[in-house]
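Asker: File name target_15.txt; file contents compact mmCIF, C-alpha atoms and all ligand atoms; full text below.
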```txt
# COMPACT_ATOMS: atom_id res chain seq x y z
CA MET A 405 35.03 9.84 40.91
CA GLN A 406 36.39 6.69 42.60
CA SER A 407 40.04 6.30 43.76
CA ARG A 408 42.54 4.26 41.70
CA ASN A 409 42.70 1.53 44.38
CA PHE A 410 38.95 1.22 44.43
CA GLU A 411 38.91 0.94 40.62
CA ASP A 412 41.59 -1.76 40.64
CA ARG A 413 39.80 -3.79 43.31
CA ARG A 414 36.51 -3.47 41.47
CA ALA A 415 38.09 -4.56 38.17
CA LYS A 416 39.72 -7.58 39.83
CA ARG A 417 36.44 -8.61 41.47
CA ALA A 418 34.51 -8.14 38.22
CA TRP A 419 37.06 -10.14 36.23
CA LYS A 420 37.04 -13.02 38.72
CA HIS A 421 33.25 -13.18 38.77
CA LEU A 422 32.94 -12.87 34.99
CA THR A 423 35.43 -15.70 34.36
CA MET A 424 33.58 -17.92 36.79
CA SER A 425 30.12 -17.17 35.41
CA VAL A 426 31.19 -17.57 31.76
CA ASN A 427 32.84 -20.91 32.47
CA ASN A 428 29.78 -22.05 34.46
CA THR A 429 27.41 -21.01 31.67
CA ILE A 430 29.41 -22.90 29.04
CA ASP A 431 29.88 -25.90 31.37
CA GLU A 432 26.11 -26.08 31.90
CA MET A 433 25.47 -25.92 28.15
CA GLN A 434 28.04 -28.67 27.61
CA ASP A 435 26.39 -30.86 30.29
CA ASP A 436 23.64 -31.51 27.76
CA ASN A 437 24.88 -34.67 26.05
CA ASN A 438 22.32 -34.28 23.27
CA ARG A 439 24.06 -31.12 22.05
CA PRO A 440 25.63 -30.87 18.55
CA SER A 441 29.36 -31.58 18.92
CA ARG A 442 30.23 -28.73 16.52
CA MET A 443 29.12 -26.22 19.17
CA GLU A 444 32.56 -26.72 20.67
CA TYR A 445 34.09 -24.13 18.33
CA PHE A 446 31.70 -21.46 19.60
CA ASP A 447 32.07 -22.52 23.25
CA GLU A 448 35.82 -22.23 22.98
CA MET A 449 35.60 -18.78 21.43
CA PHE A 450 33.63 -17.45 24.38
CA ARG A 451 35.88 -19.17 26.92
CA THR A 452 38.89 -17.55 25.22
CA LEU A 453 37.43 -14.07 25.01
CA TYR A 454 35.60 -13.89 28.32
CA GLY A 455 36.84 -16.78 30.41
CA LYS A 456 40.57 -16.70 29.66
CA GLY A 457 40.77 -13.00 28.87
CA LYS A 458 42.62 -13.35 25.58
CA GLY A 459 42.11 -11.75 22.20
CA LEU A 460 41.25 -13.94 19.23
CA PRO A 461 44.02 -15.28 17.01
CA GLY A 462 44.03 -14.15 13.37
CA MET A 463 43.68 -10.42 14.05
CA ASP A 464 47.43 -9.78 14.31
CA GLY A 465 48.68 -6.89 12.32
CA LYS A 466 45.23 -5.95 11.07
CA LYS A 467 43.42 -2.83 12.16
CA VAL A 468 40.44 -3.68 14.36
CA ILE A 469 37.36 -1.49 14.03
CA GLY A 470 34.89 -1.77 16.91
CA THR A 471 31.25 -1.35 15.94
CA TYR A 472 27.93 -0.88 17.73
CA CYS A 473 24.47 -1.89 16.55
CA ILE A 474 23.94 -3.40 13.10
CA HIS A 475 24.31 -0.37 10.85
CA VAL A 476 28.07 -0.21 10.34
CA PRO A 477 28.93 -1.70 6.91
CA GLU A 478 31.42 -4.47 7.54
CA GLU A 479 31.90 -4.85 3.77
CA LEU A 480 33.94 -1.60 3.82
CA ILE A 481 36.01 -2.76 6.80
CA TYR A 482 36.93 -6.10 5.22
CA ALA A 483 37.55 -4.47 1.82
CA ALA A 484 40.20 -2.27 3.48
CA GLY A 485 41.96 -5.28 5.03
CA ALA A 486 40.72 -4.51 8.56
CA VAL A 487 38.40 -6.56 10.81
CA PRO A 488 35.15 -5.47 12.49
CA MET A 489 34.27 -6.39 16.07
CA ARG A 490 30.82 -5.68 17.47
CA LEU A 491 31.01 -4.37 21.02
CA CYS A 492 27.38 -4.13 22.27
CA ALA A 493 27.87 -5.75 25.68
CA GLY A 494 25.98 -8.29 27.81
CA VAL A 495 28.32 -8.38 30.81
CA TYR A 496 26.55 -7.92 34.14
CA ASP A 497 29.86 -7.58 36.01
CA ALA A 498 30.64 -4.35 34.14
CA VAL A 499 27.26 -2.67 34.76
CA ASP A 500 28.31 -1.28 38.13
CA ALA A 501 31.35 0.52 36.70
CA GLY A 502 29.22 1.94 33.86
CA ARG A 503 26.67 3.27 36.33
CA ASP A 504 29.16 5.92 37.53
CA PHE A 505 28.83 7.75 34.21
CA LEU A 506 25.15 7.34 33.42
CA PRO A 507 21.68 8.00 34.77
CA ASP A 508 20.19 5.02 36.56
CA ILE A 509 17.46 4.57 33.92
CA SER A 510 19.90 3.96 31.06
CA CYS A 511 19.84 0.53 29.45
CA PRO A 512 22.20 -2.23 30.65
CA VAL A 513 23.79 -2.63 27.20
CA ILE A 514 25.17 0.90 27.55
CA LYS A 515 26.11 0.57 31.23
CA SER A 516 27.91 -2.67 30.51
CA THR A 517 29.64 -1.20 27.44
CA ILE A 518 30.94 1.82 29.32
CA GLY A 519 31.96 -0.36 32.28
CA LEU A 520 34.05 -2.51 29.94
CA TRP A 521 35.84 0.53 28.53
CA ARG A 522 36.62 1.81 32.02
CA MET A 523 37.72 -1.53 33.51
CA PRO A 524 40.48 -3.15 31.47
CA ILE A 525 39.18 -6.70 31.95
CA LEU A 526 38.64 -7.78 28.34
CA PRO A 527 41.79 -7.48 26.20
CA PHE A 528 39.88 -7.58 22.92
CA TYR A 529 38.44 -4.16 23.76
CA ASN A 530 41.92 -2.74 23.83
CA SER A 531 42.74 -4.21 20.44
CA CYS A 532 40.34 -1.73 18.79
CA ASP A 533 41.98 1.09 16.83
CA VAL A 534 38.71 3.02 16.59
CA VAL A 535 35.01 2.44 17.24
CA VAL A 536 32.11 3.42 14.98
CA ILE A 537 28.81 4.29 16.67
CA PRO A 538 25.59 4.88 14.72
CA THR A 539 23.17 7.41 16.21
CA SER A 540 20.51 4.74 16.64
CA CYS A 541 18.84 5.18 20.05
CA ASP A 542 19.46 8.12 22.45
CA TRP A 543 21.93 6.11 24.55
CA LYS A 544 24.06 5.18 21.55
CA THR A 545 23.95 8.79 20.36
CA LYS A 546 25.59 9.94 23.62
CA LEU A 547 27.86 6.91 24.06
CA GLY A 548 30.66 8.35 21.90
CA GLU A 549 31.08 11.42 24.10
CA ILE A 550 31.61 9.21 27.13
CA ILE A 551 34.07 6.70 25.69
CA GLU A 552 36.11 9.05 23.50
CA GLU A 553 38.66 9.37 26.29
CA ASP A 554 39.18 5.58 26.09
CA VAL A 555 39.27 5.05 22.32
CA PRO A 556 38.96 7.15 19.13
CA VAL A 557 35.28 7.38 18.10
CA TRP A 558 33.63 7.96 14.73
CA MET A 559 29.92 8.74 14.92
CA LEU A 560 27.72 7.67 12.02
CA GLU A 561 24.52 9.64 11.68
CA LEU A 562 21.61 7.29 11.06
CA PRO A 563 18.41 8.80 9.60
CA HIS A 564 15.31 7.80 11.54
CA ILE A 565 12.87 7.96 8.64
CA LYS A 566 14.28 5.56 6.09
CA ASP A 567 11.85 5.61 3.17
CA THR A 568 12.50 9.07 1.74
CA GLU A 569 14.96 9.95 -1.02
CA ALA A 570 16.55 12.58 1.25
CA SER A 571 17.26 9.98 3.96
CA ARG A 572 18.79 7.58 1.49
CA GLN A 573 21.02 10.28 0.02
CA TYR A 574 22.07 11.46 3.47
CA TRP A 575 22.90 7.92 4.59
CA LEU A 576 24.91 7.31 1.40
CA SER A 577 26.96 10.43 2.10
CA GLU A 578 27.63 9.14 5.64
CA ILE A 579 28.82 5.81 4.21
CA GLU A 580 31.06 7.59 1.68
CA GLY A 581 32.57 9.59 4.55
CA LEU A 582 33.13 6.39 6.53
CA LYS A 583 34.87 4.81 3.54
CA LEU A 584 37.37 7.68 3.38
CA LYS A 585 38.09 7.44 7.12
CA ILE A 586 38.65 3.67 6.92
CA GLU A 587 41.02 4.14 3.96
CA LYS A 588 43.00 6.74 5.92
CA LEU A 589 43.19 4.55 9.04
CA THR A 590 44.32 1.43 7.19
CA GLY A 591 46.34 3.09 4.44
CA ASN A 592 44.47 0.85 1.97
CA LYS A 593 42.25 2.04 -0.85
CA ILE A 594 38.84 0.36 -1.00
CA THR A 595 38.54 -0.78 -4.59
CA ARG A 596 35.54 -2.19 -6.41
CA LYS A 597 37.32 -5.54 -6.59
CA GLY A 598 38.05 -5.54 -2.83
CA LEU A 599 34.48 -4.56 -2.04
CA LYS A 600 33.12 -7.28 -4.31
CA GLN A 601 35.30 -9.85 -2.54
CA ALA A 602 34.12 -8.64 0.89
CA VAL A 603 30.47 -8.81 -0.21
CA ARG A 604 31.10 -12.34 -1.46
CA SER A 605 32.64 -13.46 1.86
CA ILE A 606 29.70 -12.03 3.77
CA HIS A 607 27.29 -13.78 1.39
CA LEU A 608 28.92 -17.11 2.29
CA ALA A 609 28.35 -16.39 5.97
CA GLN A 610 24.77 -15.34 5.21
CA LYS A 611 24.23 -18.59 3.35
CA GLU A 612 25.18 -20.54 6.49
CA PHE A 613 23.06 -18.22 8.65
CA ARG A 614 20.10 -18.91 6.36
CA ARG A 615 20.66 -22.70 6.56
CA LEU A 616 20.60 -22.51 10.35
CA TYR A 617 17.52 -20.30 10.25
CA ASN A 618 15.65 -22.69 7.95
CA THR A 619 16.67 -25.75 9.98
CA ARG A 620 14.99 -24.22 13.01
CA MET A 621 11.63 -24.21 11.21
CA SER A 622 11.50 -27.98 11.53
CA ASP A 623 8.68 -29.56 13.61
CA THR A 624 11.33 -31.42 15.60
CA PRO A 625 14.08 -28.93 16.57
CA VAL A 626 17.63 -30.31 16.27
CA ILE A 627 19.35 -27.39 18.00
CA SER A 628 18.26 -25.43 21.07
CA GLY A 629 17.47 -21.72 20.85
CA ARG A 630 20.27 -20.78 23.22
CA ASP A 631 22.82 -22.67 21.11
CA ALA A 632 21.58 -20.98 17.94
CA MET A 633 21.90 -17.64 19.75
CA LEU A 634 25.46 -18.46 20.84
CA VAL A 635 26.36 -19.13 17.20
CA MET A 636 25.00 -15.76 16.11
CA ASN A 637 26.60 -13.93 19.06
CA ALA A 638 29.93 -15.45 18.00
CA TYR A 639 29.64 -13.50 14.73
CA PHE A 640 30.22 -10.35 16.84
CA TYR A 641 33.87 -11.32 17.36
CA ASP A 642 34.92 -13.80 14.72
CA THR A 643 36.21 -13.01 11.26
CA VAL A 644 33.61 -13.68 8.59
CA ASP A 645 35.48 -16.55 6.86
CA LYS A 646 36.24 -18.44 10.07
CA TRP A 647 32.70 -18.02 11.33
CA ALA A 648 31.24 -19.23 8.01
CA GLU A 649 33.47 -22.32 8.10
CA ALA A 650 32.45 -23.18 11.68
CA ALA A 651 28.76 -22.52 10.92
CA LYS A 652 28.98 -24.76 7.84
CA ALA A 653 30.39 -27.63 9.91
CA LEU A 654 27.58 -27.14 12.44
CA ASN A 655 24.91 -27.02 9.70
CA ASP A 656 26.26 -30.22 8.14
CA GLU A 657 25.97 -31.88 11.54
CA LEU A 658 22.41 -30.56 11.97
CA ASP A 659 21.48 -32.06 8.57
CA MET A 660 22.75 -35.43 9.83
CA ARG A 661 20.73 -35.03 13.02
CA ILE A 662 17.58 -34.44 10.96
CA GLN A 663 18.29 -37.62 8.98
CA LYS A 664 18.85 -39.61 12.17
CA GLY A 665 15.78 -38.15 13.88
CA THR A 666 17.79 -36.62 16.75
CA GLN A 667 15.83 -33.89 18.47
CA VAL A 668 16.39 -31.50 21.38
CA SER A 669 12.81 -31.12 22.55
CA LYS A 670 9.45 -32.84 22.43
CA ARG A 671 7.23 -32.36 19.37
CA THR A 672 4.61 -30.97 21.75
CA SER A 673 6.87 -28.31 23.37
CA ALA A 674 5.59 -24.75 23.07
CA ARG A 675 7.40 -23.04 20.19
CA ILE A 676 8.51 -19.61 21.32
CA MET A 677 9.65 -16.58 19.38
CA LEU A 678 11.71 -13.97 21.21
CA THR A 679 11.50 -10.34 20.18
CA GLY A 680 12.63 -7.02 21.65
CA SER A 681 15.90 -5.78 23.12
CA PRO A 682 19.08 -7.68 22.23
CA VAL A 683 20.18 -10.76 24.19
CA ILE A 684 23.97 -10.74 24.33
CA PHE A 685 26.27 -13.39 25.80
CA PRO A 686 26.72 -14.05 28.71
CA ASN A 687 23.32 -12.61 29.66
CA TYR A 688 21.24 -15.62 28.63
CA LYS A 689 18.80 -15.57 31.50
CA ILE A 690 15.62 -15.31 29.38
CA PRO A 691 16.50 -18.04 26.83
CA ASN A 692 17.76 -20.25 29.67
CA ILE A 693 14.53 -19.97 31.64
CA ILE A 694 12.32 -20.54 28.57
CA GLU A 695 14.18 -23.70 27.58
CA ASP A 696 14.75 -24.99 31.15
CA MET A 697 10.98 -24.77 31.68
CA GLY A 698 10.25 -26.94 28.64
CA GLY A 699 9.62 -24.36 25.91
CA VAL A 700 11.71 -24.34 22.75
CA LEU A 701 13.01 -21.11 21.36
CA VAL A 702 12.73 -21.61 17.61
CA SER A 703 13.07 -18.05 16.38
CA ASP A 704 13.73 -14.42 17.21
CA ASP A 705 14.05 -11.08 15.48
CA LEU A 706 16.83 -9.79 17.72
CA CYS A 707 19.62 -7.56 16.40
CA SER A 708 21.99 -9.82 18.33
CA SER A 709 20.77 -12.90 16.50
CA ASN A 710 18.42 -13.40 13.53
CA GLN A 711 18.34 -9.78 12.42
CA TYR A 712 22.12 -9.41 12.52
CA ILE A 713 23.20 -10.61 9.06
CA ASN A 714 19.82 -11.24 7.51
CA ASP A 715 19.89 -8.60 4.79
CA MET A 716 22.04 -8.91 1.66
CA VAL A 717 23.90 -6.65 -0.76
CA ALA A 718 23.54 -7.02 -4.55
CA ILE A 719 26.99 -8.13 -5.65
CA ASP A 720 27.25 -7.17 -9.30
CA GLU A 721 26.75 -3.44 -9.55
CA PRO A 722 28.95 -2.13 -12.38
CA LEU A 723 30.24 1.10 -10.79
CA MET A 724 31.84 1.82 -7.43
CA LEU A 725 29.12 4.34 -6.58
CA ASP A 726 26.42 1.76 -7.36
CA MET A 727 28.15 -0.80 -5.15
CA LEU A 728 28.46 1.71 -2.32
CA THR A 729 24.78 2.56 -2.72
CA ALA A 730 23.90 -1.14 -2.52
CA VAL A 731 26.01 -1.49 0.64
CA ALA A 732 24.45 1.62 2.20
CA ASN A 733 20.94 0.40 1.36
CA ARG A 734 21.55 -2.97 3.02
CA TYR A 735 21.99 -1.25 6.37
CA LEU A 736 19.03 1.09 6.07
CA LEU A 737 16.06 -0.06 3.99
CA PRO A 738 15.34 -3.60 5.23
CA CYS A 739 16.51 -2.90 8.81
CA CYS A 740 13.75 -3.51 11.37
CA CYS A 741 15.27 -1.72 14.39
CA PRO A 742 12.67 0.08 16.48
CA VAL A 743 14.68 3.32 16.16
CA PHE A 744 13.07 3.91 12.77
CA THR A 745 9.64 5.30 12.19
CA SER A 746 7.45 3.62 11.16
CA SER A 747 7.64 0.11 12.60
CA GLU A 748 5.19 -1.55 10.23
CA ASP A 749 7.89 -3.61 8.51
CA ARG A 750 8.98 -5.00 11.88
CA ALA A 751 5.45 -6.16 12.67
CA GLU A 752 5.14 -7.71 9.19
CA ARG A 753 8.43 -9.58 9.64
CA ILE A 754 7.30 -10.90 13.03
CA LEU A 755 3.97 -12.11 11.61
CA GLN A 756 5.80 -13.85 8.76
CA MET A 757 8.09 -15.60 11.26
CA ILE A 758 5.10 -16.66 13.37
CA ASP A 759 3.73 -18.46 10.31
CA ASP A 760 7.05 -19.86 9.09
CA PHE A 761 8.12 -21.20 12.50
CA LYS A 762 4.64 -22.27 13.70
CA ILE A 763 5.02 -20.11 16.78
CA SER A 764 2.78 -20.84 19.79
CA GLY A 765 3.61 -17.65 21.69
CA VAL A 766 5.82 -14.55 21.59
CA VAL A 767 8.04 -13.37 24.45
CA TYR A 768 8.70 -9.62 24.24
CA HIS A 769 11.96 -8.78 26.01
CA VAL A 770 12.46 -5.19 27.16
CA LEU A 771 15.71 -4.21 28.83
CA LYS A 772 14.97 -1.56 31.45
CA GLY A 773 15.76 1.80 29.86
CA CYS A 774 15.33 0.51 26.29
CA HIS A 775 12.73 3.05 25.23
CA PRO A 776 12.61 2.17 21.51
CA TYR A 777 11.36 -1.35 22.25
CA ASP A 778 9.22 -0.33 25.20
CA LEU A 779 7.41 2.19 23.02
CA GLU A 780 6.40 -0.49 20.51
CA VAL A 781 4.95 -3.03 22.95
CA VAL A 782 1.34 -1.84 22.93
CA LYS A 783 1.14 -1.67 19.15
CA LEU A 784 2.60 -5.13 18.61
CA GLU A 785 0.45 -6.61 21.37
CA GLY A 786 -2.65 -5.27 19.57
CA ILE A 787 -1.52 -6.73 16.23
CA LEU A 788 -0.84 -10.15 17.80
CA LYS A 789 -4.11 -10.12 19.70
CA LYS A 790 -6.03 -9.73 16.45
CA LYS A 791 -4.25 -12.85 15.18
CA ASP A 792 -4.88 -14.69 18.47
CA ILE A 793 -1.14 -15.05 19.22
CA PRO A 794 -0.39 -14.88 22.97
CA MET A 795 2.39 -12.49 23.99
CA LEU A 796 4.27 -12.13 27.27
CA LYS A 797 6.15 -8.90 27.97
CA LEU A 798 9.16 -9.24 30.28
CA GLU A 799 11.00 -6.17 31.54
CA THR A 800 14.35 -6.95 33.07
CA ASP A 801 18.05 -6.06 33.21
CA TYR A 802 21.31 -8.01 33.57
CA SER A 803 21.04 -8.76 37.31
CA LEU A 804 19.86 -12.11 38.63
CA GLU A 805 17.63 -10.58 41.29
CA ASP A 806 14.40 -11.03 39.36
CA ILE A 807 15.11 -14.56 38.21
CA GLU A 808 12.47 -16.27 40.37
CA GLN A 809 9.82 -13.78 39.33
CA LEU A 810 10.72 -14.29 35.65
CA ARG A 811 10.62 -18.05 36.11
CA THR A 812 7.12 -17.89 37.59
CA ARG A 813 5.80 -15.69 34.77
CA ILE A 814 7.38 -17.77 32.01
CA GLU A 815 6.12 -20.99 33.58
CA ALA A 816 2.57 -19.62 33.70
CA PHE A 817 2.86 -18.47 30.07
CA LEU A 818 4.06 -21.89 28.92
CA GLU A 819 1.18 -23.53 30.81
CA THR A 820 -1.30 -21.25 29.05
CA LEU A 821 0.19 -22.16 25.68
CA SER A 822 0.09 -25.81 26.55
CA SER A 823 -3.57 -25.70 27.58
CA ARG A 824 -4.48 -23.86 24.35
CA LYS A 825 -2.82 -26.65 22.44
CA GLY A 826 -4.70 -29.32 24.34
CA GLY A 827 -2.08 -30.54 26.78
CA ASN A 828 1.68 -31.07 26.75
S1 LIG A 901 17.81 -2.85 18.20
FE1 LIG A 901 18.86 -1.29 19.41
S2 LIG A 901 20.82 -2.20 19.98
FE2 LIG A 901 19.98 -3.38 18.30
S3 LIG A 901 20.85 -2.52 16.44
FE3 LIG A 901 18.88 -1.53 16.75
S4 LIG A 901 19.35 0.30 17.92
FE4 LIG A 901 21.12 -1.04 18.07
S1 LIG A 902 18.18 0.07 21.41
FE1 LIG A 902 17.67 -0.49 23.47
S2 LIG A 902 19.06 -2.14 24.04
FE2 LIG A 902 19.92 -1.12 22.23
S3 LIG A 902 21.35 0.35 23.13
FE3 LIG A 902 19.42 1.40 22.72
S4 LIG A 902 18.31 1.29 24.66
FE4 LIG A 902 19.95 -0.22 24.74
```
Starting from the file, lay out its structure as structure tokens.
Ligand code: SF4
Ligand code: SF4
Answerer:
Amino acid sequence: MQSRNFEDRRAKRAWKHLTMSVNNTIDEMQDDNNRPSRMEYFDEMFRTLYGKGKGLPGMDGKKVIGTYCIHVPEELIYAAGAVPMRLCAGVYDAVDAGRDFLPDISCPVIKSTIGLWRMPILPFYNSCDVVVIPTSCDWKTKLGEIIEEDVPVWMLELPHIKDTEASRQYWLSEIEGLKLKIEKLTGNKITRKGLKQAVRSIHLAQKEFRRLYNTRMSDTPVISGRDAMLVMNAYFYDTVDKWAEAAKALNDELDMRIQKGTQVSKRTSARIMLTGSPVIFPNYKIPNIIEDMGGVLVSDDLCSSNQYINDMVAIDEPLMLDMLTAVANRYLLPCCCPVFTSSEDRAERILQMIDDFKISGVVYHVLKGCHPYDLEVVKLEGILKKKDIPMLKLETDYSLEDIEQLRTRIEAFLETLSSRKGGN
């Protein structure tokens, strides 16, 4: 265990470096004068949270429930008058502190997450009253035991085979248990009316997500992939209503850009889909390289982006139990995380996206230590090969040490795609 002085110095260093790198990342994105002006809302959110080290306004007085992964029903949290905040982390500067508590082979999301609990550099972490962790992958299953000295933890047991009646019943009982805990924490009863209102608010956000998603199918992209990713990453921290309002303003602007013929890349640019481990701000090294090298990232199936709020809940179930069942099902049945067996639905969703977005090639991102995604590479590669879709697997972490090597491999991949297409 390190001394207190060492910890303080490390936290100060990490904070200084994080502030600088976040501000640089946003500055570089803003240097692009062809960028939608409505991105400013999202830029400012990240500068506030990471660059200025402040919590977000609008949370005051409400209980804040930290969440991990995409299986914690935010409908229940909003229905109880609390706010959710997703804490899966992409901060390189916290990885070192997390390493003290974990084997070296663990994934950087977990190292970074634990580092952020141990180093008090992001105030919004400390605003959490409790965190909910689904037993998704092995690292998440053990995460609660490590951070329970920093924050109260509720584990949520996620079945790994989702298409049996027993799994569905078990998951429903977990969600019912979670509902009771949230009611106790907030002192507010979750009523059918409250739940219906929460589902409705999330639907409005999903409507804007879907508009953005559909806009990116266009032959002439009007928003870059990294900007679209920033918008979806912002959903981690924002309240659903504020996010939906900001996303609506952005979508309206994108509609205008389509009318005016404004575009962010050439019609001939290779259209890339990103799949695999999550890409979480500020770790944008893969999307940055792809787009800096002339590719355009038009789609992804990441849990940090397009998969995040894709699936919907039926709003008009007559009884509370039916509504709870609909909420529980949203987070289990359509979910394409690799932690479930089997992964056929994930492959089907990817193939559908390849058609819808006219994808030229797939980049498969594996964070070192992310076994669920690593285990699925060979199978997906075989499926794509049969369809003649080129795929590039990249294994990396949050450090910048491999950046030149990644650049070389991505450049070669884009050249291959370009030559298949008959020249860029
Ligand atoms: S892909 Fe991994 S990190 Fe993302 S929600 Fe699923 S288990 Fe969690
Ligand atoms: S699914 Fe992969 S990226 Fe997500 S926490 Fe688990 S190992 Fe890390």
Asker: Quick one: axis-aligned box around all listed atoms of ligand LIG 901 (chain A), 6 Å on every side, centre and edge lengths in Å to one decimal, written as JSON.
Answerer:
```
{"center_x": 19.5, "center_y": -1.5, "center_z": 18.2, "size_x": 15.3, "size_y": 15.7, "size_z": 15.5}
```
Asker: Given the choices A:Leu798, A:Leu599, A:Ala651, A:Leu506, which gets closest to Met727 (chain A) if the distance is worked out from all atoms listed in the file?
Answerer: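 Looking at the shortest contact to Met727 (chain A), the residue is A:Leu599.
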Asker: Out of A:Lys583, A:Lys825, A:His607, A:Lys791, which residue has the shortest atom-to-atom distance to Ile481 (chain A) when counting all atoms listed in the file?
Answerer: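 Looking only at the distances to Ile481 (chain A), the closest residue turns out to be A:Lys583.
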Asker: Step by step, measure atom-to-atom distances between ligand LIG 901 (chain A) and each residue using all atoms listed in the file, keep those at most 7 Å, then write them as a PDB file with C-alpha atoms, in the coordinates of the input.
Answerer:
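Generated file (result39.pdb):
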```
ATOM      1  CA  TYR A 472      27.930  -0.880  17.730  1.00  0.00           C
ATOM      2  CA  CYS A 473      24.470  -1.890  16.550  1.00  0.00           C
ATOM      3  CA  ILE A 474      23.940  -3.400  13.100  1.00  0.00           C
ATOM      4  CA  HIS A 475      24.310  -0.370  10.850  1.00  0.00           C
ATOM      5  CA  SER A 540      20.510   4.740  16.640  1.00  0.00           C
ATOM      6  CA  CYS A 541      18.840   5.180  20.050  1.00  0.00           C
ATOM      7  CA  SER A 681      15.900  -5.780  23.120  1.00  0.00           C
ATOM      8  CA  PRO A 682      19.080  -7.680  22.230  1.00  0.00           C
ATOM      9  CA  CYS A 707      19.620  -7.560  16.400  1.00  0.00           C
ATOM     10  CA  SER A 708      21.990  -9.820  18.330  1.00  0.00           C
ATOM     11  CA  CYS A 741      15.270  -1.720  14.390  1.00  0.00           C
ATOM     12  CA  PRO A 742      12.670   0.080  16.480  1.00  0.00           C
ATOM     13  CA  VAL A 743      14.680   3.320  16.160  1.00  0.00           C
TER      14      VAL A 743
END
```
Asker: Counting only C-alpha atoms and all ligand atoms, which protein, DNA or RNA residues come within 7 Å of ligand LIG 902 (chain A), given as a ChimeraX atom specification?
Answerer: /A:511-514,541-544,681-682,771,773-777
Asker: Find, counting all atoms listed in the file, the residue in A:Gly765, A:Gly699, A:Gly494, A:Gly465 that gets nearest to Asp801 (chain A).
Answerer: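 Checking each candidate against Asp801 (chain A), we get A:Gly494 as the closest.
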Asker: Give me, as a PyMOL selection string, all polymer residues having an atom no more than 9 Å from Glu799 (chain A), counting all atoms listed in the file and skipping those fewer than 2 positions away in the same chain.
Answerer: chain A and resi 768-772+778+797+801
Asker: With C-alpha atoms retained, write the just-selected residues as a compact mmCIF listing (two decimals), in the coordinates of the input.
Answerer:
```
# COMPACT_ATOMS: atom_id res chain seq x y z
CA TYR A 768 8.70 -9.62 24.24
CA HIS A 769 11.96 -8.78 26.01
CA VAL A 770 12.46 -5.19 27.16
CA LEU A 771 15.71 -4.21 28.83
CA LYS A 772 14.97 -1.56 31.45
CA ASP A 778 9.22 -0.33 25.20
CA LYS A 797 6.15 -8.90 27.97
CA ASP A 801 18.05 -6.06 33.21
```
Asker: Can you work out the spacing between CA of Gln756 (chain A) and CA of Gly629 (chain A) in Å, to one decimal?
Answerer: 18.6 Å
Asker: Which polymer residues have any atom within 12 Å of an atom of Tyr574 (chain A), counting only C-alpha atoms, with same-chain residues fewer than 2 positions away left out, as a compact mmCIF listing (two decimals) with C-alpha atoms, keeping the file's coordinate frame?
Answerer:
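Output contents, as saved in part-v7.txt:
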```txt
# COMPACT_ATOMS: atom_id res chain seq x y z
CA LEU A 560 27.72 7.67 12.02
CA GLU A 561 24.52 9.64 11.68
CA LEU A 562 21.61 7.29 11.06
CA PRO A 563 18.41 8.80 9.60
CA HIS A 564 15.31 7.80 11.54
CA ILE A 565 12.87 7.96 8.64
CA LYS A 566 14.28 5.56 6.09
CA ASP A 567 11.85 5.61 3.17
CA THR A 568 12.50 9.07 1.74
CA GLU A 569 14.96 9.95 -1.02
CA ALA A 570 16.55 12.58 1.25
CA SER A 571 17.26 9.98 3.96
CA ARG A 572 18.79 7.58 1.49
CA LEU A 576 24.91 7.31 1.40
CA SER A 577 26.96 10.43 2.10
CA GLU A 578 27.63 9.14 5.64
CA ILE A 579 28.82 5.81 4.21
CA GLU A 580 31.06 7.59 1.68
CA GLY A 581 32.57 9.59 4.55
CA THR A 729 24.78 2.56 -2.72
CA ALA A 732 24.45 1.62 2.20
CA ASN A 733 20.94 0.40 1.36
CA LEU A 736 19.03 1.09 6.07
```
Asker: Which residue gives the smallest distance to Glu448 (chain A) among A:Met463, A:Thr666, A:Leu634, A:Lys790, with all atoms listed in the file counted?
Answerer: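 The answer is A:Leu634, which sits nearest to Glu448 (chain A).
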Asker: Here is a test: counting only C-alpha atoms, which residue of A:Val731, A:Ser441, A:Phe410, A:Trp558 is nearest to Arg661 (chain A)?
Answerer: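 Closest to Arg661 (chain A) of all the choices is A:Ser441.
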Asker: In the coordinates of the file, take the point (12.5, -23.1, 7.9) and a cut-off of 10 Å; then, counting all atoms listed in the file, name each qualifying protein, DNA or RNA residue as a list in words.
Answerer: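 Looking at atoms near the point gives Arg614, Arg615, Leu616, Tyr617, Asn618, Thr619, Arg620, Met621, Ser622, Asp623, Val702, Ser703, Met757, Asp760, Phe761 and Lys762 of chain A.
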